[in-house]
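Colleague: This is upload-v9.cif, which holds mmCIF, N, CA and C atoms:
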```
data_protein
loop_
_atom_site.label_atom_id
_atom_site.label_comp_id
_atom_site.auth_asym_id
_atom_site.auth_seq_id
_atom_site.Cartn_x
_atom_site.Cartn_y
_atom_site.Cartn_z
N MET A 1 79.10 119.38 125.66
CA MET A 1 80.27 119.27 124.79
C MET A 1 81.39 120.15 125.34
N ASP A 2 82.58 119.65 125.33
CA ASP A 2 83.76 120.38 125.78
C ASP A 2 84.07 121.50 124.78
N SER A 3 84.54 122.63 125.31
CA SER A 3 84.82 123.76 124.44
C SER A 3 86.27 123.81 123.97
N GLY A 4 87.05 122.76 124.23
CA GLY A 4 88.44 122.74 123.82
C GLY A 4 89.27 123.64 124.71
N GLY A 5 90.37 124.14 124.18
CA GLY A 5 91.22 125.03 124.96
C GLY A 5 92.63 125.07 124.44
N ILE A 6 93.47 125.78 125.19
CA ILE A 6 94.89 125.90 124.87
C ILE A 6 95.65 124.99 125.84
N PHE A 7 96.52 124.16 125.30
CA PHE A 7 97.29 123.22 126.10
C PHE A 7 98.77 123.49 125.94
N GLU A 8 99.51 123.30 127.02
CA GLU A 8 100.97 123.47 127.01
C GLU A 8 101.60 122.10 126.88
N LEU A 9 102.36 121.92 125.80
CA LEU A 9 103.09 120.67 125.58
C LEU A 9 104.55 120.92 125.96
N GLN A 10 105.07 120.11 126.85
CA GLN A 10 106.46 120.29 127.29
C GLN A 10 107.33 119.22 126.64
N THR A 11 108.35 119.68 125.91
CA THR A 11 109.23 118.76 125.21
C THR A 11 110.41 118.31 126.07
N GLY A 12 110.69 119.05 127.14
CA GLY A 12 111.81 118.70 128.01
C GLY A 12 113.15 119.21 127.51
N GLN A 13 113.16 119.91 126.40
CA GLN A 13 114.39 120.47 125.85
C GLN A 13 114.03 121.64 124.94
N ALA A 14 115.01 122.45 124.62
CA ALA A 14 114.78 123.58 123.72
C ALA A 14 114.36 123.05 122.35
N VAL A 15 113.52 123.80 121.67
CA VAL A 15 113.10 123.41 120.32
C VAL A 15 113.60 124.44 119.32
N ASP A 16 114.01 123.97 118.17
CA ASP A 16 114.50 124.85 117.13
C ASP A 16 113.93 124.36 115.80
N PHE A 17 112.89 125.02 115.33
CA PHE A 17 112.28 124.64 114.06
C PHE A 17 113.08 125.25 112.92
N ASP A 18 113.18 124.53 111.81
CA ASP A 18 113.83 125.05 110.61
C ASP A 18 112.86 125.91 109.80
N TRP A 19 111.66 126.13 110.32
CA TRP A 19 110.62 126.88 109.65
C TRP A 19 109.86 127.65 110.71
N THR A 20 109.06 128.60 110.29
CA THR A 20 108.26 129.36 111.24
C THR A 20 107.12 128.48 111.73
N TRP A 21 106.77 128.61 112.98
CA TRP A 21 105.73 127.74 113.55
C TRP A 21 104.32 128.24 113.32
N GLU A 22 104.14 129.48 112.84
CA GLU A 22 102.80 130.02 112.62
C GLU A 22 102.02 129.12 111.66
N GLY A 23 100.83 128.74 112.08
CA GLY A 23 99.98 127.88 111.26
C GLY A 23 100.33 126.41 111.33
N ALA A 24 101.31 126.04 112.14
CA ALA A 24 101.70 124.63 112.27
C ALA A 24 100.64 123.85 113.03
N ALA A 25 100.68 122.54 112.89
CA ALA A 25 99.76 121.65 113.61
C ALA A 25 100.58 120.67 114.42
N ALA A 26 100.13 120.42 115.65
CA ALA A 26 100.73 119.38 116.49
C ALA A 26 99.70 118.27 116.59
N PHE A 27 100.17 117.02 116.60
CA PHE A 27 99.24 115.90 116.66
C PHE A 27 99.95 114.65 117.16
N ARG A 28 99.16 113.72 117.68
CA ARG A 28 99.66 112.43 118.10
C ARG A 28 98.90 111.33 117.35
N PRO A 29 99.62 110.59 116.50
CA PRO A 29 98.97 109.47 115.83
C PRO A 29 98.76 108.31 116.81
N ARG A 30 97.81 107.46 116.52
CA ARG A 30 97.54 106.31 117.38
C ARG A 30 98.79 105.45 117.52
N ASP A 31 99.55 105.28 116.44
CA ASP A 31 100.78 104.49 116.48
C ASP A 31 101.92 105.35 115.95
N PRO A 32 102.60 106.12 116.84
CA PRO A 32 103.66 107.04 116.38
C PRO A 32 104.79 106.35 115.61
N ASP A 33 105.15 105.12 116.00
CA ASP A 33 106.26 104.44 115.32
C ASP A 33 105.93 104.14 113.86
N SER A 34 104.75 103.61 113.59
CA SER A 34 104.40 103.30 112.21
C SER A 34 104.13 104.57 111.41
N TYR A 35 103.61 105.61 112.07
CA TYR A 35 103.37 106.87 111.38
C TYR A 35 104.67 107.47 110.88
N GLU A 36 105.68 107.44 111.74
CA GLU A 36 106.98 108.03 111.39
C GLU A 36 107.60 107.30 110.21
N LYS A 37 107.38 105.99 110.10
CA LYS A 37 107.96 105.19 109.02
C LYS A 37 107.13 105.23 107.75
N SER A 38 105.88 105.71 107.87
CA SER A 38 104.96 105.70 106.75
C SER A 38 105.30 106.78 105.74
N SER A 39 105.22 106.42 104.47
CA SER A 39 105.45 107.42 103.42
C SER A 39 104.15 108.15 103.10
N SER A 40 103.03 107.68 103.65
CA SER A 40 101.75 108.31 103.36
C SER A 40 101.33 109.25 104.47
N SER A 41 102.28 109.74 105.25
CA SER A 41 101.94 110.61 106.38
C SER A 41 101.87 112.07 105.96
N ASN A 42 101.09 112.32 104.89
CA ASN A 42 100.84 113.70 104.50
C ASN A 42 99.34 113.92 104.45
N GLY A 43 98.91 115.15 104.57
CA GLY A 43 97.49 115.46 104.60
C GLY A 43 97.17 116.29 105.81
N ASP A 44 95.96 116.71 105.91
CA ASP A 44 95.54 117.58 106.99
C ASP A 44 95.14 116.77 108.20
N VAL A 45 95.97 116.76 109.23
CA VAL A 45 95.70 115.96 110.42
C VAL A 45 94.52 116.50 111.20
N ARG A 46 94.23 117.78 111.07
CA ARG A 46 93.11 118.36 111.82
C ARG A 46 91.78 117.81 111.34
N GLY A 47 91.72 117.40 110.08
CA GLY A 47 90.48 116.88 109.53
C GLY A 47 90.44 115.36 109.50
N ASP A 48 91.35 114.70 110.20
CA ASP A 48 91.42 113.26 110.16
C ASP A 48 90.17 112.63 110.74
N SER A 49 89.54 111.74 110.00
CA SER A 49 88.35 111.05 110.49
C SER A 49 88.55 109.55 110.51
N THR A 50 89.78 109.11 110.30
CA THR A 50 90.03 107.67 110.23
C THR A 50 90.30 107.06 111.58
N GLY A 51 90.45 107.89 112.61
CA GLY A 51 90.77 107.36 113.92
C GLY A 51 92.26 107.14 114.11
N GLU A 52 93.05 107.52 113.13
CA GLU A 52 94.50 107.32 113.23
C GLU A 52 95.17 108.38 114.09
N VAL A 53 94.49 109.49 114.36
CA VAL A 53 95.04 110.57 115.16
C VAL A 53 94.31 110.62 116.49
N VAL A 54 95.07 110.54 117.60
CA VAL A 54 94.50 110.56 118.95
C VAL A 54 94.05 111.98 119.30
N TRP A 55 94.89 112.96 119.01
CA TRP A 55 94.55 114.37 119.22
C TRP A 55 95.31 115.20 118.21
N ALA A 56 94.79 116.38 117.92
CA ALA A 56 95.44 117.31 116.99
C ALA A 56 95.01 118.72 117.33
N GLY A 57 95.90 119.67 117.07
CA GLY A 57 95.56 121.06 117.32
C GLY A 57 96.51 122.00 116.62
N GLU A 58 96.11 123.25 116.57
CA GLU A 58 96.90 124.30 115.94
C GLU A 58 97.93 124.84 116.93
N VAL A 59 99.18 124.97 116.49
CA VAL A 59 100.23 125.57 117.32
C VAL A 59 99.98 127.07 117.34
N VAL A 60 99.81 127.64 118.55
CA VAL A 60 99.52 129.07 118.65
C VAL A 60 100.69 129.86 119.22
N GLU A 61 101.63 129.19 119.85
CA GLU A 61 102.80 129.87 120.42
C GLU A 61 103.87 128.83 120.72
N VAL A 62 105.12 129.25 120.65
CA VAL A 62 106.24 128.37 120.98
C VAL A 62 107.22 129.14 121.84
N ASP A 63 107.60 128.56 122.97
CA ASP A 63 108.69 129.09 123.80
C ASP A 63 109.88 128.20 123.52
N GLU A 64 110.69 128.62 122.54
CA GLU A 64 111.79 127.77 122.07
C GLU A 64 112.81 127.46 123.14
N ALA A 65 113.12 128.44 123.98
CA ALA A 65 114.16 128.25 125.00
C ALA A 65 113.77 127.20 126.03
N SER A 66 112.51 127.21 126.46
CA SER A 66 112.09 126.25 127.49
C SER A 66 111.47 124.99 126.90
N GLY A 67 111.29 124.94 125.58
CA GLY A 67 110.73 123.75 124.94
C GLY A 67 109.25 123.57 125.14
N LYS A 68 108.52 124.67 125.25
CA LYS A 68 107.07 124.59 125.42
C LYS A 68 106.38 124.95 124.11
N ILE A 69 105.40 124.14 123.75
CA ILE A 69 104.60 124.38 122.56
C ILE A 69 103.15 124.51 123.03
N PHE A 70 102.51 125.61 122.70
CA PHE A 70 101.14 125.85 123.11
C PHE A 70 100.23 125.53 121.92
N VAL A 71 99.25 124.67 122.17
CA VAL A 71 98.40 124.14 121.11
C VAL A 71 96.94 124.41 121.42
N LYS A 72 96.21 124.90 120.42
CA LYS A 72 94.77 125.12 120.54
C LYS A 72 94.06 123.89 119.99
N VAL A 73 93.27 123.27 120.85
CA VAL A 73 92.51 122.08 120.46
C VAL A 73 91.03 122.44 120.47
N ASP A 74 90.35 122.18 119.38
CA ASP A 74 88.92 122.47 119.28
C ASP A 74 88.13 121.54 120.19
N GLY A 75 86.93 121.96 120.54
CA GLY A 75 86.08 121.22 121.47
C GLY A 75 85.71 119.82 121.03
N ASP A 76 85.67 119.58 119.71
CA ASP A 76 85.29 118.25 119.24
C ASP A 76 86.49 117.31 119.13
N GLN A 77 87.66 117.77 119.51
CA GLN A 77 88.88 116.95 119.49
C GLN A 77 89.24 116.50 120.90
N SER A 78 89.96 115.41 121.01
CA SER A 78 90.45 114.96 122.31
C SER A 78 91.59 115.86 122.75
N PRO A 79 91.75 116.09 124.06
CA PRO A 79 92.88 116.91 124.53
C PRO A 79 94.20 116.13 124.38
N PRO A 80 95.32 116.84 124.34
CA PRO A 80 96.62 116.17 124.25
C PRO A 80 96.85 115.20 125.40
N THR A 81 97.59 114.15 125.10
CA THR A 81 97.94 113.13 126.08
C THR A 81 99.45 113.06 126.23
N THR A 82 99.89 112.40 127.26
CA THR A 82 101.32 112.20 127.47
C THR A 82 101.86 111.25 126.40
N GLY A 83 103.04 111.54 125.90
CA GLY A 83 103.67 110.67 124.91
C GLY A 83 104.17 111.45 123.71
N SER A 84 104.66 110.72 122.75
CA SER A 84 105.23 111.30 121.54
C SER A 84 104.17 112.03 120.73
N PHE A 85 104.60 113.10 120.06
CA PHE A 85 103.72 113.82 119.15
C PHE A 85 104.57 114.42 118.05
N PHE A 86 103.92 114.84 116.99
CA PHE A 86 104.59 115.44 115.85
C PHE A 86 104.11 116.87 115.68
N VAL A 87 104.97 117.70 115.09
CA VAL A 87 104.59 119.06 114.73
C VAL A 87 104.86 119.19 113.24
N ARG A 88 103.80 119.55 112.51
CA ARG A 88 103.89 119.69 111.06
C ARG A 88 103.76 121.16 110.71
N PRO A 89 104.65 121.68 109.86
CA PRO A 89 104.53 123.10 109.47
C PRO A 89 103.26 123.36 108.68
N PHE A 90 102.88 124.62 108.61
CA PHE A 90 101.73 125.04 107.81
C PHE A 90 101.96 124.58 106.39
N GLU A 91 100.97 123.94 105.80
CA GLU A 91 101.11 123.39 104.46
C GLU A 91 100.52 124.35 103.44
N PHE A 92 101.32 125.35 103.09
CA PHE A 92 100.88 126.42 102.20
C PHE A 92 100.35 125.90 100.87
N LEU A 93 101.08 124.97 100.26
CA LEU A 93 100.68 124.50 98.94
C LEU A 93 99.37 123.72 98.98
N SER A 94 99.14 122.94 100.04
CA SER A 94 97.88 122.20 100.11
C SER A 94 96.70 123.16 100.32
N VAL A 95 96.90 124.22 101.08
CA VAL A 95 95.84 125.21 101.27
C VAL A 95 95.59 125.95 99.97
N LEU A 96 96.65 126.32 99.29
CA LEU A 96 96.52 127.00 98.00
C LEU A 96 95.78 126.10 97.00
N HIS A 97 96.12 124.82 96.96
CA HIS A 97 95.45 123.87 96.08
C HIS A 97 93.96 123.79 96.39
N SER A 98 93.61 123.74 97.67
CA SER A 98 92.19 123.65 98.02
C SER A 98 91.45 124.93 97.66
N ILE A 99 92.10 126.08 97.77
CA ILE A 99 91.46 127.33 97.38
C ILE A 99 91.15 127.33 95.88
N TYR A 100 92.07 126.84 95.08
CA TYR A 100 91.88 126.83 93.63
C TYR A 100 90.93 125.74 93.14
N HIS A 101 90.81 124.62 93.89
CA HIS A 101 90.09 123.47 93.35
C HIS A 101 88.92 122.97 94.19
N SER A 102 88.81 123.34 95.44
CA SER A 102 87.76 122.81 96.30
C SER A 102 86.42 123.48 96.02
N ALA A 103 85.38 122.67 96.03
CA ALA A 103 84.03 123.21 95.82
C ALA A 103 83.63 124.15 96.96
N ASP A 104 84.23 123.97 98.13
CA ASP A 104 83.93 124.83 99.28
C ASP A 104 84.45 126.25 99.09
N CYS A 105 85.33 126.46 98.13
CA CYS A 105 85.96 127.77 97.94
C CYS A 105 85.51 128.45 96.66
N ARG A 106 84.32 128.14 96.19
CA ARG A 106 83.81 128.72 94.94
C ARG A 106 83.80 130.25 94.97
N VAL A 107 83.42 130.83 96.09
CA VAL A 107 83.36 132.30 96.19
C VAL A 107 84.76 132.89 96.01
N LEU A 108 85.75 132.29 96.64
CA LEU A 108 87.13 132.77 96.49
C LEU A 108 87.62 132.58 95.05
N GLN A 109 87.25 131.45 94.44
CA GLN A 109 87.68 131.17 93.07
C GLN A 109 87.14 132.22 92.10
N GLU A 110 85.94 132.70 92.36
CA GLU A 110 85.36 133.73 91.50
C GLU A 110 86.09 135.06 91.65
N MET A 111 86.60 135.35 92.85
CA MET A 111 87.28 136.62 93.10
C MET A 111 88.74 136.61 92.66
N LEU A 112 89.35 135.43 92.58
CA LEU A 112 90.79 135.34 92.31
C LEU A 112 91.26 136.00 91.02
N PRO A 113 90.66 135.75 89.86
CA PRO A 113 91.22 136.34 88.63
C PRO A 113 91.38 137.86 88.70
N GLY A 114 90.37 138.55 89.16
CA GLY A 114 90.46 140.01 89.25
C GLY A 114 91.49 140.47 90.27
N ARG A 115 91.54 139.77 91.39
CA ARG A 115 92.51 140.15 92.44
C ARG A 115 93.94 139.87 92.00
N LEU A 116 94.15 138.76 91.31
CA LEU A 116 95.50 138.45 90.83
C LEU A 116 95.95 139.43 89.75
N GLN A 117 95.02 139.86 88.89
CA GLN A 117 95.37 140.84 87.88
C GLN A 117 95.72 142.17 88.53
N ALA A 118 95.02 142.52 89.59
CA ALA A 118 95.31 143.77 90.28
C ALA A 118 96.67 143.74 90.97
N ALA A 119 97.09 142.56 91.37
CA ALA A 119 98.38 142.44 92.06
C ALA A 119 99.50 142.57 91.05
#
```
If you convert what's in this file into structure tokens, what do you get?
Modeller:
Amino acid sequence: MDSGGIFELQTGQAVDFDWTWEGAAAFRPRDPDSYEKSSSSNGDVRGDSTGEVVWAGEVVEVDEASGKIFVKVDGDQSPPTTGSFFVRPFEFLSVLHSIYHSADCRVLQEMLPGRLQAA
């Protein structure tokens, strides 16, 4: 099994995000044109199991001046390919929602009331 790695994506121009890139995800949908027009293009692309995403990874660094985006791709994901891709900012509210409601986060849910009162 491949261990994944860090990949350099070159945009060919300077990049200027209207948001901080920390925690962002870069990904390439199987059909970028229909994805861009789709109103249902929300959700966690890293966990996509529908086959609609060719590759996806976490943005770990951005060189805005040279237009380079460095992406960490896990070993079970395909490496980035040439072509169009999207960069989605960290989805704070969806993560917060999963912490409060997901069965996987029961331990955190038990700790939250006391920690929130302390804050």
Colleague: Hey, can you check how far atom C of A:Gln109 sits from atom CA of A:Val95?
Modeller: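 The value is 14.5 Å.
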Colleague: Pick from A:Lys68, A:Arg88, A:Ile99, A:Pro79: nearest to A:Met111, with only C-alpha atoms counted?
Modeller: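 Selected residue with least distance to A:Met111: A:Ile99.
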Colleague: If you run DSSP over the backbone, which residues in chain A end up alpha helix (DSSP H)? Put them as a list in words.
Modeller: Pro32, Asp33, Ser34, Tyr35, Glu36, Lys37, Phe92, Leu93, Ser94, Val95, Leu96, His97, Ser98, Ile99, Tyr100, His101, Arg106, Val107, Leu108, Gln109, Glu110, Met111, Leu112, Pro113, Gly114, Arg115, Leu116, Gln117 and Ala118 of chain A
Colleague: Provide an axis-aligned box for all listed atoms of stretch 109-117 of chain A, padding each side by 8 Å; report its centre and its edge lengths in Å to one decimal, as lines of an AutoDock Vina configuration file.
Modeller:
```
center_x = 90.7
center_y = 136.7
center_z = 91.2
size_x = 26.6
size_y = 27.0
size_z = 22.6
```
Colleague: Under the PyMOL selection byres ((chain A and resi 20-25) around 7), which residues of this model are included? Write them out as number ranges by chain.
Modeller: A: 17-19, 26-27, 56-60, 86-91
Colleague: Just the number, please: distance in Å from atom CA of A:Trp55 to atom CA of A:Tyr35, one decimal.
Modeller: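 Value for the atom CA of A:Trp55-atom CA of A:Tyr35 distance: 14.0 Å.
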Colleague: Go through the shown structure with the PyMOL selection byres ((chain A and resi 67) around 7) and write out the matching residues as a PyMOL selection string.
Modeller: chain A and resi 9-15+62-66+68-69
Colleague: Mind giving me the straight-line distance from atom CA of A:Val73 to atom C of A:Leu93 in Å, one decimal?
Modeller: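 Between atom CA of A:Val73 and atom C of A:Leu93 the gap is 22.6 Å.
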Colleague: If you run DSSP over the backbone, which residues in stretch 67-109 of chain A end up strand (DSSP E or B)? Put them as a list in words.
Modeller: Lys68, Ile69, Phe70, Val71, Lys72, Val73, Phe86, Val87 and Arg88 of chain A
Colleague: Please determine, counting only N, CA and C atoms, which residue among A:Asp16, A:Glu61, A:Glu52, A:Glu8 has the shortest atom-to-atom distance to A:Pro29.
Modeller: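 Nearest candidate to A:Pro29 out of A:Asp16, A:Glu61, A:Glu52, A:Glu8: A:Glu52.
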Colleague: Could you write out as a PDB file with N, CA and C atoms, in the frame of the given file the residues that the PyMOL selection byres ((chain A and resi 31) around 8) matches in the shown file?
Modeller:
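Heads up, here's the output in expr_22.pdb:
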```
ATOM      1  N   ARG A  28      99.160 113.720 117.680  1.00  0.00           N
ATOM      2  CA  ARG A  28      99.660 112.430 118.100  1.00  0.00           C
ATOM      3  C   ARG A  28      98.900 111.330 117.350  1.00  0.00           C
ATOM      4  N   PRO A  29      99.620 110.590 116.500  1.00  0.00           N
ATOM      5  CA  PRO A  29      98.970 109.470 115.830  1.00  0.00           C
ATOM      6  C   PRO A  29      98.760 108.310 116.810  1.00  0.00           C
ATOM      7  N   ARG A  30      97.810 107.460 116.520  1.00  0.00           N
ATOM      8  CA  ARG A  30      97.540 106.310 117.380  1.00  0.00           C
ATOM      9  C   ARG A  30      98.790 105.450 117.520  1.00  0.00           C
ATOM     10  N   PRO A  32     102.600 106.120 116.840  1.00  0.00           N
ATOM     11  CA  PRO A  32     103.660 107.040 116.380  1.00  0.00           C
ATOM     12  C   PRO A  32     104.790 106.350 115.610  1.00  0.00           C
ATOM     13  N   ASP A  33     105.150 105.120 116.000  1.00  0.00           N
ATOM     14  CA  ASP A  33     106.260 104.440 115.320  1.00  0.00           C
ATOM     15  C   ASP A  33     105.930 104.140 113.860  1.00  0.00           C
ATOM     16  N   SER A  34     104.750 103.610 113.590  1.00  0.00           N
ATOM     17  CA  SER A  34     104.400 103.300 112.210  1.00  0.00           C
ATOM     18  C   SER A  34     104.130 104.570 111.410  1.00  0.00           C
ATOM     19  N   TYR A  35     103.610 105.610 112.070  1.00  0.00           N
ATOM     20  CA  TYR A  35     103.370 106.870 111.380  1.00  0.00           C
ATOM     21  C   TYR A  35     104.670 107.470 110.880  1.00  0.00           C
ATOM     22  N   GLU A  36     105.680 107.440 111.740  1.00  0.00           N
ATOM     23  CA  GLU A  36     106.980 108.030 111.390  1.00  0.00           C
ATOM     24  C   GLU A  36     107.600 107.300 110.210  1.00  0.00           C
ATOM     25  N   GLY A  51      90.450 107.890 112.610  1.00  0.00           N
ATOM     26  CA  GLY A  51      90.770 107.360 113.920  1.00  0.00           C
ATOM     27  C   GLY A  51      92.260 107.140 114.110  1.00  0.00           C
ATOM     28  N   GLU A  52      93.050 107.520 113.130  1.00  0.00           N
ATOM     29  CA  GLU A  52      94.500 107.320 113.230  1.00  0.00           C
ATOM     30  C   GLU A  52      95.170 108.380 114.090  1.00  0.00           C
ATOM     31  N   VAL A  53      94.490 109.490 114.360  1.00  0.00           N
ATOM     32  CA  VAL A  53      95.040 110.570 115.160  1.00  0.00           C
ATOM     33  C   VAL A  53      94.310 110.620 116.490  1.00  0.00           C
ATOM     34  N   VAL A  54      95.070 110.540 117.600  1.00  0.00           N
ATOM     35  CA  VAL A  54      94.500 110.560 118.950  1.00  0.00           C
ATOM     36  C   VAL A  54      94.050 111.980 119.300  1.00  0.00           C
TER      37      VAL A  54
END
```
